[in-house]
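**Q** This one is input-v9.json, JSON, C-alpha atoms.
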[["chain", "number", "residue", "atom", "x", "y", "z"],
["A", 4, "MET", "CA", 1.40, 6.85, -7.54],
["A", 5, "SER", "CA", 2.72, 10.06, -8.95],
["A", 6, "LEU", "CA", 5.76, 12.28, -8.98],
["A", 7, "THR", "CA", 5.93, 15.77, -10.39],
["A", 8, "GLN", "CA", 9.04, 14.62, -12.25],
["A", 9, "ARG", "CA", 11.52, 11.78, -12.24],
["A", 10, "PRO", "CA", 14.50, 13.00, -10.19],
["A", 11, "THR", "CA", 18.19, 12.52, -10.89],
["A", 12, "PHE", "CA", 20.19, 11.48, -7.82],
["A", 13, "SER", "CA", 23.74, 12.76, -7.51],
["A", 14, "VAL", "CA", 26.59, 10.70, -6.07],
["A", 15, "ALA", "CA", 26.65, 13.04, -3.08],
["A", 16, "ALA", "CA", 22.98, 12.45, -2.38],
["A", 17, "LYS", "CA", 23.52, 8.71, -2.30],
["A", 18, "LYS", "CA", 25.99, 9.15, 0.55],
["A", 19, "THR", "CA", 23.61, 11.10, 2.75],
["A", 20, "LEU", "CA", 20.46, 10.03, 4.52],
["A", 21, "GLN", "CA", 18.01, 11.25, 1.88],
["A", 22, "LYS", "CA", 15.02, 9.01, 2.42],
["A", 23, "ILE", "CA", 12.24, 8.22, -0.07],
["A", 24, "ALA", "CA", 8.68, 7.75, 1.17],
["A", 25, "ILE", "CA", 6.12, 6.10, -1.11],
["A", 26, "GLU", "CA", 2.85, 5.70, 0.84],
["A", 27, "GLU", "CA", 2.08, 9.37, 1.16],
["A", 28, "ALA", "CA", -1.51, 10.58, 0.86],
["A", 29, "ILE", "CA", -3.05, 13.55, -0.93],
["A", 30, "SER", "CA", -6.49, 14.86, -1.67],
["A", 31, "THR", "CA", -7.50, 17.69, -3.99],
["A", 32, "HIS", "CA", -9.76, 20.71, -3.92],
["A", 33, "VAL", "CA", -11.53, 19.33, -7.00],
["A", 34, "PHE", "CA", -12.23, 15.82, -5.64],
["A", 35, "ASN", "CA", -12.59, 14.92, -1.96],
["A", 36, "ALA", "CA", -10.73, 11.61, -1.82],
["A", 37, "THR", "CA", -11.58, 11.03, 1.87],
["A", 38, "ALA", "CA", -15.20, 10.01, 1.18],
["A", 39, "THR", "CA", -17.15, 7.85, -1.24],
["A", 40, "LEU", "CA", -19.09, 9.51, -4.04],
["A", 41, "PRO", "CA", -21.92, 9.80, -3.14],
["A", 42, "PRO", "CA", -20.93, 9.96, 0.57],
["A", 43, "VAL", "CA", -22.00, 7.03, 2.74],
["A", 44, "ASP", "CA", -21.67, 6.81, 6.52],
["A", 45, "SER", "CA", -19.01, 4.43, 7.88],
["A", 46, "THR", "CA", -16.96, 4.40, 4.67],
["A", 47, "GLY", "CA", -14.48, 7.03, 5.89],
["A", 48, "GLU", "CA", -12.32, 7.25, 9.00],
["A", 49, "LEU", "CA", -12.05, 10.96, 9.76],
["A", 50, "PRO", "CA", -15.52, 11.19, 11.43],
["A", 51, "TYR", "CA", -14.19, 8.94, 14.22],
["A", 52, "VAL", "CA", -11.08, 10.92, 15.18],
["A", 53, "GLU", "CA", -10.41, 14.10, 17.14],
["A", 54, "SER", "CA", -11.46, 17.36, 15.51],
["A", 55, "ASN", "CA", -8.03, 19.00, 15.83],
["A", 56, "TYR", "CA", -6.39, 16.04, 14.15],
["A", 57, "VAL", "CA", -9.00, 16.08, 11.36],
["A", 58, "ALA", "CA", -8.42, 19.77, 10.69],
["A", 59, "ASP", "CA", -4.66, 19.27, 10.61],
["A", 60, "VAL", "CA", -4.85, 16.26, 8.28],
["A", 61, "LYS", "CA", -7.29, 17.93, 5.90],
["A", 62, "ASP", "CA", -5.01, 20.95, 5.63],
["A", 63, "ARG", "CA", -1.88, 18.91, 5.00],
["A", 64, "LEU", "CA", -3.59, 16.65, 2.45],
["A", 65, "THR", "CA", -3.64, 19.59, 0.03],
["A", 66, "ASN", "CA", -0.91, 21.89, 1.44],
["A", 67, "VAL", "CA", 2.15, 21.34, -0.73],
["A", 68, "GLU", "CA", 4.28, 23.94, 1.04],
["A", 69, "ALA", "CA", 3.74, 22.32, 4.46],
["A", 70, "ARG", "CA", 4.53, 18.91, 2.99],
["A", 71, "VAL", "CA", 7.83, 20.04, 1.46],
["A", 72, "LYS", "CA", 8.86, 21.81, 4.66],
["A", 73, "ALA", "CA", 8.17, 18.67, 6.71],
["A", 74, "MET", "CA", 10.19, 16.61, 4.22],
["A", 75, "ASP", "CA", 13.16, 18.95, 4.47],
["A", 76, "GLU", "CA", 13.12, 18.86, 8.26],
["A", 77, "ALA", "CA", 13.11, 15.05, 8.30],
["A", 78, "GLY", "CA", 15.72, 14.45, 5.59],
["A", 79, "VAL", "CA", 13.22, 13.12, 3.05],
["A", 80, "ALA", "CA", 14.44, 13.70, -0.49],
["A", 81, "LEU", "CA", 11.39, 12.49, -2.34],
["A", 82, "THR", "CA", 7.81, 11.40, -1.74],
["A", 83, "VAL", "CA", 5.50, 9.43, -4.01],
["A", 84, "VAL", "CA", 1.96, 10.70, -3.50],
["A", 85, "SER", "CA", -1.39, 9.02, -4.16],
["A", 86, "LEU", "CA", -5.03, 9.80, -3.47],
["A", 87, "THR", "CA", -6.02, 8.91, 0.07],
["A", 88, "MET", "CA", -8.64, 6.26, 0.70],
["A", 89, "PRO", "CA", -11.25, 5.53, -0.52],
["A", 90, "GLY", "CA", -10.08, 7.64, -3.47],
["A", 91, "ILE", "CA", -11.49, 6.97, -6.91],
["A", 92, "GLU", "CA", -12.27, 3.39, -5.84],
["A", 93, "GLY", "CA", -15.06, 4.92, -3.76],
["A", 94, "ILE", "CA", -16.85, 6.40, -6.78],
["A", 95, "PHE", "CA", -20.06, 4.44, -7.44],
["A", 96, "ASP", "CA", -19.31, 3.91, -11.11],
["A", 97, "THR", "CA", -19.50, 0.56, -12.87],
["A", 98, "ALA", "CA", -17.06, 1.55, -15.64],
["A", 99, "GLN", "CA", -13.38, 0.64, -15.00],
["A", 100, "ASP", "CA", -11.00, 1.09, -17.89],
["A", 101, "PRO", "CA", -7.47, -0.41, -17.85],
["A", 102, "VAL", "CA", -6.48, 2.18, -20.46],
["A", 103, "GLU", "CA", -6.46, 4.71, -17.61],
["A", 104, "ALA", "CA", -3.46, 2.90, -16.10],
["A", 105, "GLU", "CA", -1.65, 3.20, -19.42],
["A", 106, "ARG", "CA", -2.47, 6.91, -19.69],
["A", 107, "CYS", "CA", -1.23, 7.55, -16.16],
["A", 108, "VAL", "CA", 2.11, 5.82, -16.76],
["A", 109, "LYS", "CA", 2.84, 6.69, -20.40],
["A", 110, "ASP", "CA", 1.30, 10.15, -20.69],
["A", 111, "LEU", "CA", 1.37, 11.55, -17.15],
["A", 112, "GLY", "CA", 4.64, 10.05, -15.89],
["A", 113, "PHE", "CA", 3.24, 8.07, -12.94],
["A", 114, "VAL", "CA", 5.71, 5.57, -11.47],
["A", 115, "GLY", "CA", 3.08, 3.03, -10.42],
["A", 116, "ILE", "CA", -0.60, 2.53, -9.67],
["A", 117, "LEU", "CA", -2.17, 2.70, -6.21],
["A", 118, "ILE", "CA", -5.56, 1.11, -5.60],
["A", 119, "ASN", "CA", -7.42, 1.59, -2.35],
["A", 120, "GLY", "CA", -8.60, -1.97, -1.81],
["A", 121, "PHE", "CA", -11.89, -3.05, -3.39],
["A", 122, "SER", "CA", -13.73, -0.82, -5.86],
["A", 123, "ASN", "CA", -17.35, 0.23, -5.51],
["A", 124, "VAL", "CA", -19.38, -0.68, -8.60],
["A", 125, "GLY", "CA", -22.78, 0.87, -8.14],
["A", 126, "SER", "CA", -23.23, 1.21, -4.38],
["A", 127, "ALA", "CA", -21.45, 1.02, -1.03],
["A", 128, "ASP", "CA", -22.06, -2.74, -0.80],
["A", 129, "GLN", "CA", -21.55, -3.68, -4.44],
["A", 130, "VAL", "CA", -17.79, -4.14, -4.55],
["A", 131, "GLN", "CA", -15.14, -5.70, -6.74],
["A", 132, "TYR", "CA", -11.89, -7.28, -5.58],
["A", 133, "LEU", "CA", -8.82, -7.36, -7.75],
["A", 134, "ASP", "CA", -8.74, -11.13, -8.20],
["A", 135, "GLU", "CA", -12.17, -11.23, -9.84],
["A", 136, "PRO", "CA", -12.37, -12.19, -13.56],
["A", 137, "GLN", "CA", -13.45, -8.75, -14.73],
["A", 138, "CYS", "CA", -10.08, -7.39, -13.54],
["A", 139, "ALA", "CA", -8.09, -9.63, -15.92],
["A", 140, "PRO", "CA", -7.62, -6.87, -18.57],
["A", 141, "PHE", "CA", -6.29, -4.54, -15.88],
["A", 142, "TRP", "CA", -3.67, -7.08, -14.76],
["A", 143, "ALA", "CA", -2.64, -7.76, -18.34],
["A", 144, "LYS", "CA", -2.10, -4.03, -18.76],
["A", 145, "MET", "CA", -0.11, -3.84, -15.51],
["A", 146, "ALA", "CA", 2.15, -6.65, -16.71],
["A", 147, "GLU", "CA", 2.66, -4.82, -19.98],
["A", 148, "LEU", "CA", 3.44, -1.50, -18.28],
["A", 149, "ASP", "CA", 5.88, -3.18, -15.86],
["A", 150, "VAL", "CA", 5.12, -0.86, -12.94],
["A", 151, "PRO", "CA", 4.20, -1.88, -9.38],
["A", 152, "LEU", "CA", 0.77, -1.75, -7.84],
["A", 153, "TYR", "CA", 0.46, -0.40, -4.31],
["A", 154, "MET", "CA", -2.53, -2.03, -2.62],
["A", 155, "HIS", "CA", -3.64, 0.43, 0.03],
["A", 156, "PRO", "CA", -6.26, -0.36, 2.68],
["A", 157, "ARG", "CA", -9.77, 0.92, 3.02],
["A", 158, "ILE", "CA", -12.54, 0.30, 5.54],
["A", 159, "PRO", "CA", -14.54, -2.89, 4.89],
["A", 160, "SER", "CA", -17.83, -2.39, 3.06],
["A", 161, "PRO", "CA", -20.85, -1.64, 5.30],
["A", 162, "SER", "CA", -22.23, -5.18, 4.95],
["A", 163, "GLN", "CA", -18.94, -6.57, 6.32],
["A", 164, "MET", "CA", -18.86, -4.37, 9.43],
["A", 165, "ARG", "CA", -20.92, -6.64, 11.73],
["A", 166, "ALA", "CA", -17.79, -7.73, 13.61],
["A", 167, "TYR", "CA", -17.21, -4.08, 14.52],
["A", 168, "LYS", "CA", -20.74, -3.27, 15.69],
["A", 169, "GLY", "CA", -20.43, -0.88, 18.62],
["A", 170, "TYR", "CA", -16.74, -0.43, 17.82],
["A", 171, "GLU", "CA", -17.00, 0.85, 14.26],
["A", 172, "PHE", "CA", -13.90, 3.02, 14.66],
["A", 173, "LEU", "CA", -11.82, -0.18, 14.70],
["A", 174, "GLY", "CA", -12.79, -0.85, 11.07],
["A", 175, "GLY", "CA", -10.24, 1.70, 9.86],
["A", 176, "SER", "CA", -6.53, 2.16, 10.50],
["A", 177, "PRO", "CA", -6.42, 0.68, 14.06],
["A", 178, "TRP", "CA", -7.42, -2.81, 12.88],
["A", 179, "GLY", "CA", -9.78, -3.21, 9.91],
["A", 180, "PHE", "CA", -7.34, -1.77, 7.38],
["A", 181, "GLY", "CA", -4.88, -4.57, 8.04],
["A", 182, "THR", "CA", -7.30, -7.50, 8.06],
["A", 183, "GLU", "CA", -9.16, -6.27, 4.96],
["A", 184, "THR", "CA", -5.98, -5.75, 2.95],
["A", 185, "ALA", "CA", -4.27, -8.94, 4.10],
["A", 186, "THR", "CA", -7.32, -10.93, 3.02],
["A", 187, "HIS", "CA", -7.30, -9.16, -0.35],
["A", 188, "ALA", "CA", -3.62, -10.01, -0.83],
["A", 189, "ILE", "CA", -4.18, -13.67, 0.06],
["A", 190, "ARG", "CA", -6.99, -13.79, -2.51],
["A", 191, "LEU", "CA", -4.55, -12.56, -5.16],
["A", 192, "MET", "CA", -2.02, -15.26, -4.27],
["A", 193, "ILE", "CA", -4.53, -18.11, -4.42],
["A", 194, "SER", "CA", -6.27, -16.83, -7.58],
["A", 195, "VAL", "CA", -3.43, -17.90, -9.98],
["A", 196, "LEU", "CA", -2.81, -14.23, -10.82],
["A", 197, "PHE", "CA", 0.93, -14.62, -10.28],
["A", 198, "ASP", "CA", 1.03, -17.85, -12.27],
["A", 199, "LYS", "CA", -0.42, -15.96, -15.25],
["A", 200, "HIS", "CA", 1.73, -12.86, -14.68],
["A", 201, "PRO", "CA", 4.82, -13.98, -12.73],
["A", 202, "ASN", "CA", 6.56, -10.60, -12.90],
["A", 203, "LEU", "CA", 3.81, -8.53, -11.26],
["A", 204, "ARG", "CA", 4.96, -6.49, -8.27],
["A", 205, "ILE", "CA", 2.56, -5.70, -5.42],
["A", 206, "ILE", "CA", 3.47, -3.29, -2.63],
["A", 207, "LEU", "CA", 1.82, -3.51, 0.79],
["A", 208, "GLY", "CA", 2.20, -1.00, 3.59],
["A", 209, "HIS", "CA", 2.19, -1.23, 7.38],
["A", 210, "CYS", "CA", 4.91, -3.90, 7.47],
["A", 211, "GLY", "CA", 2.86, -6.24, 5.32],
["A", 212, "GLU", "CA", -0.54, -5.96, 7.04],
["A", 213, "GLY", "CA", 0.33, -8.85, 9.38],
["A", 214, "ILE", "CA", 1.06, -11.33, 6.56],
["A", 215, "PRO", "CA", 4.73, -11.89, 7.56],
["A", 216, "PHE", "CA", 3.47, -13.33, 10.85],
["A", 217, "SER", "CA", 0.67, -15.46, 9.33],
["A", 218, "ILE", "CA", 1.75, -16.79, 5.95],
["A", 219, "ASN", "CA", 3.61, -19.84, 7.25],
["A", 220, "ARG", "CA", 0.52, -20.88, 9.21],
["A", 221, "ILE", "CA", -1.71, -20.38, 6.14],
["A", 222, "ASP", "CA", 0.50, -22.57, 3.96],
["A", 223, "HIS", "CA", 0.80, -25.13, 6.73],
["A", 224, "ARG", "CA", -2.96, -25.53, 6.97],
["A", 225, "LEU", "CA", -3.69, -25.37, 3.23],
["A", 226, "ARG", "CA", -1.71, -28.60, 2.82],
["A", 227, "HIS", "CA", -4.78, -30.46, 4.07],
["A", 228, "PHE", "CA", -7.43, -28.69, 1.99],
["A", 229, "GLN", "CA", -8.98, -30.08, -1.18],
["A", 230, "PRO", "CA", -6.79, -29.00, -4.12],
["A", 231, "HIS", "CA", -9.57, -27.32, -6.11],
["A", 232, "HIS", "CA", -9.78, -24.66, -3.39],
["A", 233, "THR", "CA", -6.19, -23.57, -4.08],
["A", 234, "PRO", "CA", -5.62, -23.58, -7.86],
["A", 235, "CYS", "CA", -2.37, -21.62, -7.56],
["A", 236, "GLN", "CA", 0.74, -23.56, -8.60],
["A", 237, "LEU", "CA", 3.03, -22.55, -5.74],
["A", 238, "ARG", "CA", 2.95, -22.04, -2.00],
["A", 239, "LEU", "CA", 1.74, -18.64, -0.86],
["A", 240, "GLN", "CA", 5.19, -18.14, 0.66],
["A", 241, "ASP", "CA", 6.69, -18.41, -2.83],
["A", 242, "TYR", "CA", 4.50, -15.62, -4.18],
["A", 243, "TRP", "CA", 5.23, -13.60, -1.05],
["A", 244, "GLU", "CA", 8.96, -13.87, -1.65],
["A", 245, "LYS", "CA", 8.83, -13.08, -5.37],
["A", 246, "ASN", "CA", 5.91, -10.75, -6.03],
["A", 247, "PHE", "CA", 5.45, -8.67, -2.87],
["A", 248, "TYR", "CA", 7.31, -5.66, -1.55],
["A", 249, "ILE", "CA", 6.62, -4.16, 1.85],
["A", 250, "THR", "CA", 6.79, -0.66, 3.30],
["A", 251, "THR", "CA", 7.03, 0.43, 6.90],
["A", 252, "ALA", "CA", 4.34, 3.11, 6.43],
["A", 253, "GLY", "CA", 2.52, 3.84, 9.68],
["A", 254, "VAL", "CA", 4.75, 1.56, 11.78],
["A", 255, "MET", "CA", 7.22, 2.71, 14.40],
["A", 256, "ASP", "CA", 8.16, -0.37, 16.41],
["A", 257, "ASP", "CA", 11.58, -2.03, 16.46],
["A", 258, "GLY", "CA", 10.31, -5.58, 16.95],
["A", 259, "THR", "CA", 7.77, -5.34, 14.14],
["A", 260, "PHE", "CA", 10.37, -3.82, 11.84],
["A", 261, "PHE", "CA", 13.03, -6.46, 12.40],
["A", 262, "ASN", "CA", 10.56, -9.34, 12.19],
["A", 263, "THR", "CA", 9.30, -7.94, 8.88],
["A", 264, "LEU", "CA", 12.87, -7.54, 7.68],
["A", 265, "LYS", "CA", 13.52, -11.19, 8.53],
["A", 266, "SER", "CA", 10.42, -12.23, 6.56],
["A", 267, "CYS", "CA", 11.03, -10.04, 3.52],
["A", 268, "GLY", "CA", 14.75, -9.46, 3.32],
["A", 269, "GLU", "CA", 16.38, -6.08, 2.93],
["A", 270, "ASP", "CA", 15.82, -5.97, -0.85],
["A", 271, "ARG", "CA", 12.01, -5.97, -0.53],
["A", 272, "LEU", "CA", 11.49, -3.64, 2.44],
["A", 273, "LEU", "CA", 11.00, 0.11, 1.96],
["A", 274, "TRP", "CA", 10.77, 2.88, 4.52],
["A", 275, "SER", "CA", 7.66, 5.07, 4.34],
["A", 276, "VAL", "CA", 5.59, 7.31, 6.61],
["A", 277, "GLU", "CA", 1.91, 7.74, 5.61],
["A", 278, "TYR", "CA", 1.95, 11.52, 5.77],
["A", 279, "PRO", "CA", -0.17, 13.47, 6.65],
["A", 280, "TYR", "CA", -1.75, 10.86, 8.93],
["A", 281, "GLU", "CA", 1.71, 10.25, 10.40],
["A", 282, "ASP", "CA", 4.63, 12.60, 10.97],
["A", 283, "TYR", "CA", 7.81, 12.64, 8.85],
["A", 284, "ASN", "CA", 9.99, 13.71, 11.76],
["A", 285, "GLU", "CA", 8.64, 11.17, 14.24],
["A", 286, "ILE", "CA", 8.89, 8.12, 11.97],
["A", 287, "GLY", "CA", 11.99, 9.46, 10.23],
["A", 288, "SER", "CA", 13.87, 9.85, 13.50],
["A", 289, "TRP", "CA", 12.82, 6.37, 14.59],
["A", 290, "PHE", "CA", 14.19, 4.87, 11.36],
["A", 291, "ASP", "CA", 17.40, 6.92, 11.51],
["A", 292, "ASN", "CA", 18.16, 5.46, 14.94],
["A", 293, "LEU", "CA", 17.45, 1.80, 14.19],
["A", 294, "ASP", "CA", 20.37, -0.58, 14.65],
["A", 295, "LEU", "CA", 21.09, -1.12, 10.93],
["A", 296, "ASN", "CA", 24.32, -1.30, 9.00],
["A", 297, "THR", "CA", 24.99, 1.34, 6.36],
["A", 298, "ASN", "CA", 24.09, -0.86, 3.39],
["A", 299, "SER", "CA", 20.80, -2.06, 4.88],
["A", 300, "ARG", "CA", 19.80, 1.47, 5.88],
["A", 301, "ALA", "CA", 20.50, 2.73, 2.36],
["A", 302, "LYS", "CA", 18.52, -0.09, 0.70],
["A", 303, "ILE", "CA", 15.49, 0.31, 2.93],
["A", 304, "GLY", "CA", 15.68, 4.09, 3.17],
["A", 305, "TRP", "CA", 15.89, 4.91, -0.52],
["A", 306, "GLU", "CA", 17.67, 2.48, -2.84],
["A", 307, "ASN", "CA", 14.87, -0.09, -3.05],
["A", 308, "ALA", "CA", 12.35, 2.60, -3.88],
["A", 309, "ARG", "CA", 14.61, 3.97, -6.61],
["A", 310, "ARG", "CA", 14.99, 0.51, -8.12],
["A", 311, "ILE", "CA", 11.37, -0.67, -7.90],
["A", 312, "LEU", "CA", 9.91, 2.61, -9.15],
["A", 313, "LYS", "CA", 12.69, 3.14, -11.75],
["A", 314, "LEU", "CA", 13.47, 6.60, -10.46],
["A", 315, "ASP", "CA", 16.90, 6.94, -12.09]]
Show how you would write the structure in this file as structure tokens.
**A**
Amino acid sequence: MSLTQRPTFSVAAKKTLQKIAIEEAISTHVFNATATLPPVDSTGELPYVESNYVADVKDRLTNVEARVKAMDEAGVALTVVSLTMPGIEGIFDTAQDPVEAERCVKDLGFVGILINGFSNVGSADQVQYLDEPQCAPFWAKMAELDVPLYMHPRIPSPSQMRAYKGYEFLGGSPWGFGTETATHAIRLMISVLFDKHPNLRIILGHCGEGIPFSINRIDHRLRHFQPHHTPCQLRLQDYWEKNFYITTAGVMDDGTFFNTLKSCGEDRLLWSVEYPYEDYNEIGSWFDNLDLNTNSRAKIGWENARRILKLD
């Protein structure tokens, strides 16, 4: 997750509705982040959507001027941008170096790390999840750097798409994104990752990928499972309340918002958009008109992002 520079917020800015959005996608003219490398069918979403929408998204993924104009129109003071999915996680390369995280934060001024779900390690179906033992050095480095990790969705690997046969388009943002990422997050909770590194901070988008509505049920059922299946020291709810932060990216529904707010609390919920796949004005106007008090609106709209990403 990158910024061109760390901004300084004036007292006046704090009193106005100057929102911060942190799940905002980019691509580059050097590297096409919307496809695996090498490209593999069914690993990207744009082939399934309307051509006009694809053209618009592809333009805005690299068009800085259009992005800034849209921000100004919607009262967005700052966006945190990251490579869209599958991003570098879609490169079929077996080498993964935690030193890259350190270089990004210490040398390049990144305010966090975004990972698009699992990483390909050799082919479309050879994948690595973040709870696996080989990722331990990465997590140790993240704990040392003390920056959050945004876990962004991606389409399930081709071998896991059987449930979507005939409906492959559902494997992306309409449904598969949420189930894939929620499962990944649950794996992290159970894996003892947060027992080893209790101060890690994970950010999930889309109002928590459905976890706020499921986690009580998961804990309730795990009570009856053999203990060796769940080596983690605490309930999943405990990790949820301490280690996870949630954004509203891609969501524009009052009921979902307020139920997520109830699950997370106003100190762990952050407004976001998911530009250019979503529209700053549309989701910004929805948020501006929610029935929130001034303090809650400020926390969710920009103060939580400033605090978690250390933007001051």
**Q** At a cut-off of 7 Å around the point (-9.6, -3.3, -1.2) (file coordinates), what residues fall inside when counting all atoms listed in the file? I'd like the answer as a ChimeraX atom specification.
**A** /A:119-122,132,156-157,183-184,187
**Q** Could you dump the residues just selected with C-alpha atoms as a compact mmCIF listing (two decimals), keeping the file's coordinate frame?
**A**
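The resulting result_11.txt:
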# COMPACT_ATOMS: atom_id res chain seq x y z
CA ASN A 119 -7.42 1.59 -2.35
CA GLY A 120 -8.60 -1.97 -1.81
CA PHE A 121 -11.89 -3.05 -3.39
CA SER A 122 -13.73 -0.82 -5.86
CA TYR A 132 -11.89 -7.28 -5.58
CA PRO A 156 -6.26 -0.36 2.68
CA ARG A 157 -9.77 0.92 3.02
CA GLU A 183 -9.16 -6.27 4.96
CA THR A 184 -5.98 -5.75 2.95
CA HIS A 187 -7.30 -9.16 -0.35
**Q** How would you write as an MDAnalysis selection string the residues that get within 10 Å of (11.1, 4.0, -8.2) in the file's frame, counting all atoms listed in the file?
**A** chainID A and resid 6 9:10 23 25 83 114:115 150:151 305:315
**Q** Write to file, as a PDB file, in the frame of the given file, the residues of the selection just made, with C-alpha atoms.
**A**
ATOM      1  CA  LEU A   6       5.760  12.280  -8.980  1.00  0.00           C
ATOM      2  CA  ARG A   9      11.520  11.780 -12.240  1.00  0.00           C
ATOM      3  CA  PRO A  10      14.500  13.000 -10.190  1.00  0.00           C
ATOM      4  CA  ILE A  23      12.240   8.220  -0.070  1.00  0.00           C
ATOM      5  CA  ILE A  25       6.120   6.100  -1.110  1.00  0.00           C
ATOM      6  CA  VAL A  83       5.500   9.430  -4.010  1.00  0.00           C
ATOM      7  CA  VAL A 114       5.710   5.570 -11.470  1.00  0.00           C
ATOM      8  CA  GLY A 115       3.080   3.030 -10.420  1.00  0.00           C
ATOM      9  CA  VAL A 150       5.120  -0.860 -12.940  1.00  0.00           C
ATOM     10  CA  PRO A 151       4.200  -1.880  -9.380  1.00  0.00           C
ATOM     11  CA  TRP A 305      15.890   4.910  -0.520  1.00  0.00           C
ATOM     12  CA  GLU A 306      17.670   2.480  -2.840  1.00  0.00           C
ATOM     13  CA  ASN A 307      14.870  -0.090  -3.050  1.00  0.00           C
ATOM     14  CA  ALA A 308      12.350   2.600  -3.880  1.00  0.00           C
ATOM     15  CA  ARG A 309      14.610   3.970  -6.610  1.00  0.00           C
ATOM     16  CA  ARG A 310      14.990   0.510  -8.120  1.00  0.00           C
ATOM     17  CA  ILE A 311      11.370  -0.670  -7.900  1.00  0.00           C
ATOM     18  CA  LEU A 312       9.910   2.610  -9.150  1.00  0.00           C
ATOM     19  CA  LYS A 313      12.690   3.140 -11.750  1.00  0.00           C
ATOM     20  CA  LEU A 314      13.470   6.600 -10.460  1.00  0.00           C
ATOM     21  CA  ASP A 315      16.900   6.940 -12.090  1.00  0.00           C
TER      22      ASP A 315
END
**Q** Please determine an axis-aligned box that encloses all atoms of segment 231-237 of chain A listed in the file, with 3 Å added on each side, and express its centre and edge lengths in Å to one decimal as JSON.
**A**
{"center_x": -3.4, "center_y": -24.5, "center_z": -6.0, "size_x": 18.8, "size_y": 11.7, "size_z": 11.2}
**Q** Go through segment 265-312 of chain A and flag each residue having an atom no more than 12 Å from segment 235-250 of chain A; for those, report the closest pair of atoms plus their distance in Å to one decimal, using all atoms listed in the file, ordered by chain and rising number, as a tab-separated table.
**A**
residue	atom	partner	partner_atom	distance
A:Lys265	CA	A:Glu244	CA	11.5
A:Ser266	CA	A:Glu244	CA	8.5
A:Cys267	CA	A:Glu244	CA	6.8
A:Gly268	CA	A:Glu244	CA	8.8
A:Glu269	CA	A:Ile249	CA	10.0
A:Asp270	CA	A:Tyr248	CA	8.5
A:Arg271	CA	A:Tyr248	CA	4.8
A:Leu272	CA	A:Ile249	CA	4.9
A:Leu273	CA	A:Thr250	CA	4.5
A:Trp274	CA	A:Thr250	CA	5.5
A:Ser275	CA	A:Thr250	CA	5.9
A:Val276	CA	A:Thr250	CA	8.7
A:Glu277	CA	A:Thr250	CA	10.0
A:Ile303	CA	A:Thr250	CA	8.8
A:Gly304	CA	A:Thr250	CA	10.1
A:Trp305	CA	A:Thr250	CA	11.3
A:Asn307	CA	A:Tyr248	CA	9.5
A:Ala308	CA	A:Thr250	CA	9.6
A:Arg310	CA	A:Tyr248	CA	11.8
A:Ile311	CA	A:Tyr248	CA	9.0
A:Leu312	CA	A:Tyr248	CA	11.5
**Q** Which residue is closest to Glu105 of chain A? Choose from A:Pro140, A:Pro89, A:Pro201, A:Pro177 and count all atoms listed in the file.
**A**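 Closest to Glu105 of chain A of all the choices is A:Pro140.
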**Q** Considering only C-alpha atoms, state which residue in the set A:Ala28, A:Leu117, A:Val52, A:Ile205 is at the smallest distance from Asn66 of chain A.
**A**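 The answer is A:Ala28, which sits nearest to Asn66 of chain A.
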**Q** Find the residues around Asn284 of chain A up to 10 Å (all atoms listed in the file counted), leave out those fewer than 2 positions away in its own chain, and share them as a list of chain:residue names.
**A**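 Skipping anything fewer than 2 positions along the chain leaves A:Ala73, A:Met74, A:Asp75, A:Glu76, A:Ala77, A:Gly78, A:Val79, A:Val276, A:Glu281, A:Asp282, A:Ile286, A:Gly287, A:Ser288, A:Trp289, A:Phe290.
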**Q** What does segment 47-55 of chain A look like written to a file with N, CA and C atoms, as a PDB file, in the first residue's frame?
**A**
ATOM      1  N   GLY A  47      -8.509 -14.112 -13.946  1.00  0.00           N
ATOM      2  CA  GLY A  47      -8.837 -12.691 -13.901  1.00  0.00           C
ATOM      3  C   GLY A  47     -10.319 -12.501 -14.089  1.00  0.00           C
ATOM      4  N   GLU A  48     -10.827 -11.338 -13.669  1.00  0.00           N
ATOM      5  CA  GLU A  48     -12.269 -11.097 -13.709  1.00  0.00           C
ATOM      6  C   GLU A  48     -12.723 -10.300 -14.923  1.00  0.00           C
ATOM      7  N   LEU A  49     -11.879  -9.438 -15.455  1.00  0.00           N
ATOM      8  CA  LEU A  49     -12.324  -8.526 -16.507  1.00  0.00           C
ATOM      9  C   LEU A  49     -12.887  -9.227 -17.747  1.00  0.00           C
ATOM     10  N   PRO A  50     -12.416 -10.439 -18.122  1.00  0.00           N
ATOM     11  CA  PRO A  50     -13.018 -11.104 -19.291  1.00  0.00           C
ATOM     12  C   PRO A  50     -14.507 -11.391 -19.149  1.00  0.00           C
ATOM     13  N   TYR A  51     -15.040 -11.369 -17.916  1.00  0.00           N
ATOM     14  CA  TYR A  51     -16.440 -11.718 -17.695  1.00  0.00           C
ATOM     15  C   TYR A  51     -17.380 -10.512 -17.726  1.00  0.00           C
ATOM     16  N   VAL A  52     -16.841  -9.306 -17.723  1.00  0.00           N
ATOM     17  CA  VAL A  52     -17.713  -8.140 -17.558  1.00  0.00           C
ATOM     18  C   VAL A  52     -17.837  -7.360 -18.857  1.00  0.00           C
ATOM     19  N   GLU A  53     -18.763  -6.408 -18.867  1.00  0.00           N
ATOM     20  CA  GLU A  53     -19.109  -5.678 -20.087  1.00  0.00           C
ATOM     21  C   GLU A  53     -17.917  -4.900 -20.639  1.00  0.00           C
ATOM     22  N   SER A  54     -17.827  -4.840 -21.961  1.00  0.00           N
ATOM     23  CA  SER A  54     -16.657  -4.249 -22.612  1.00  0.00           C
ATOM     24  C   SER A  54     -16.487  -2.774 -22.268  1.00  0.00           C
ATOM     25  N   ASN A  55     -17.589  -2.030 -22.173  1.00  0.00           N
ATOM     26  CA  ASN A  55     -17.473  -0.612 -21.835  1.00  0.00           C
ATOM     27  C   ASN A  55     -16.916  -0.413 -20.435  1.00  0.00           C
TER      28      ASN A  55
END
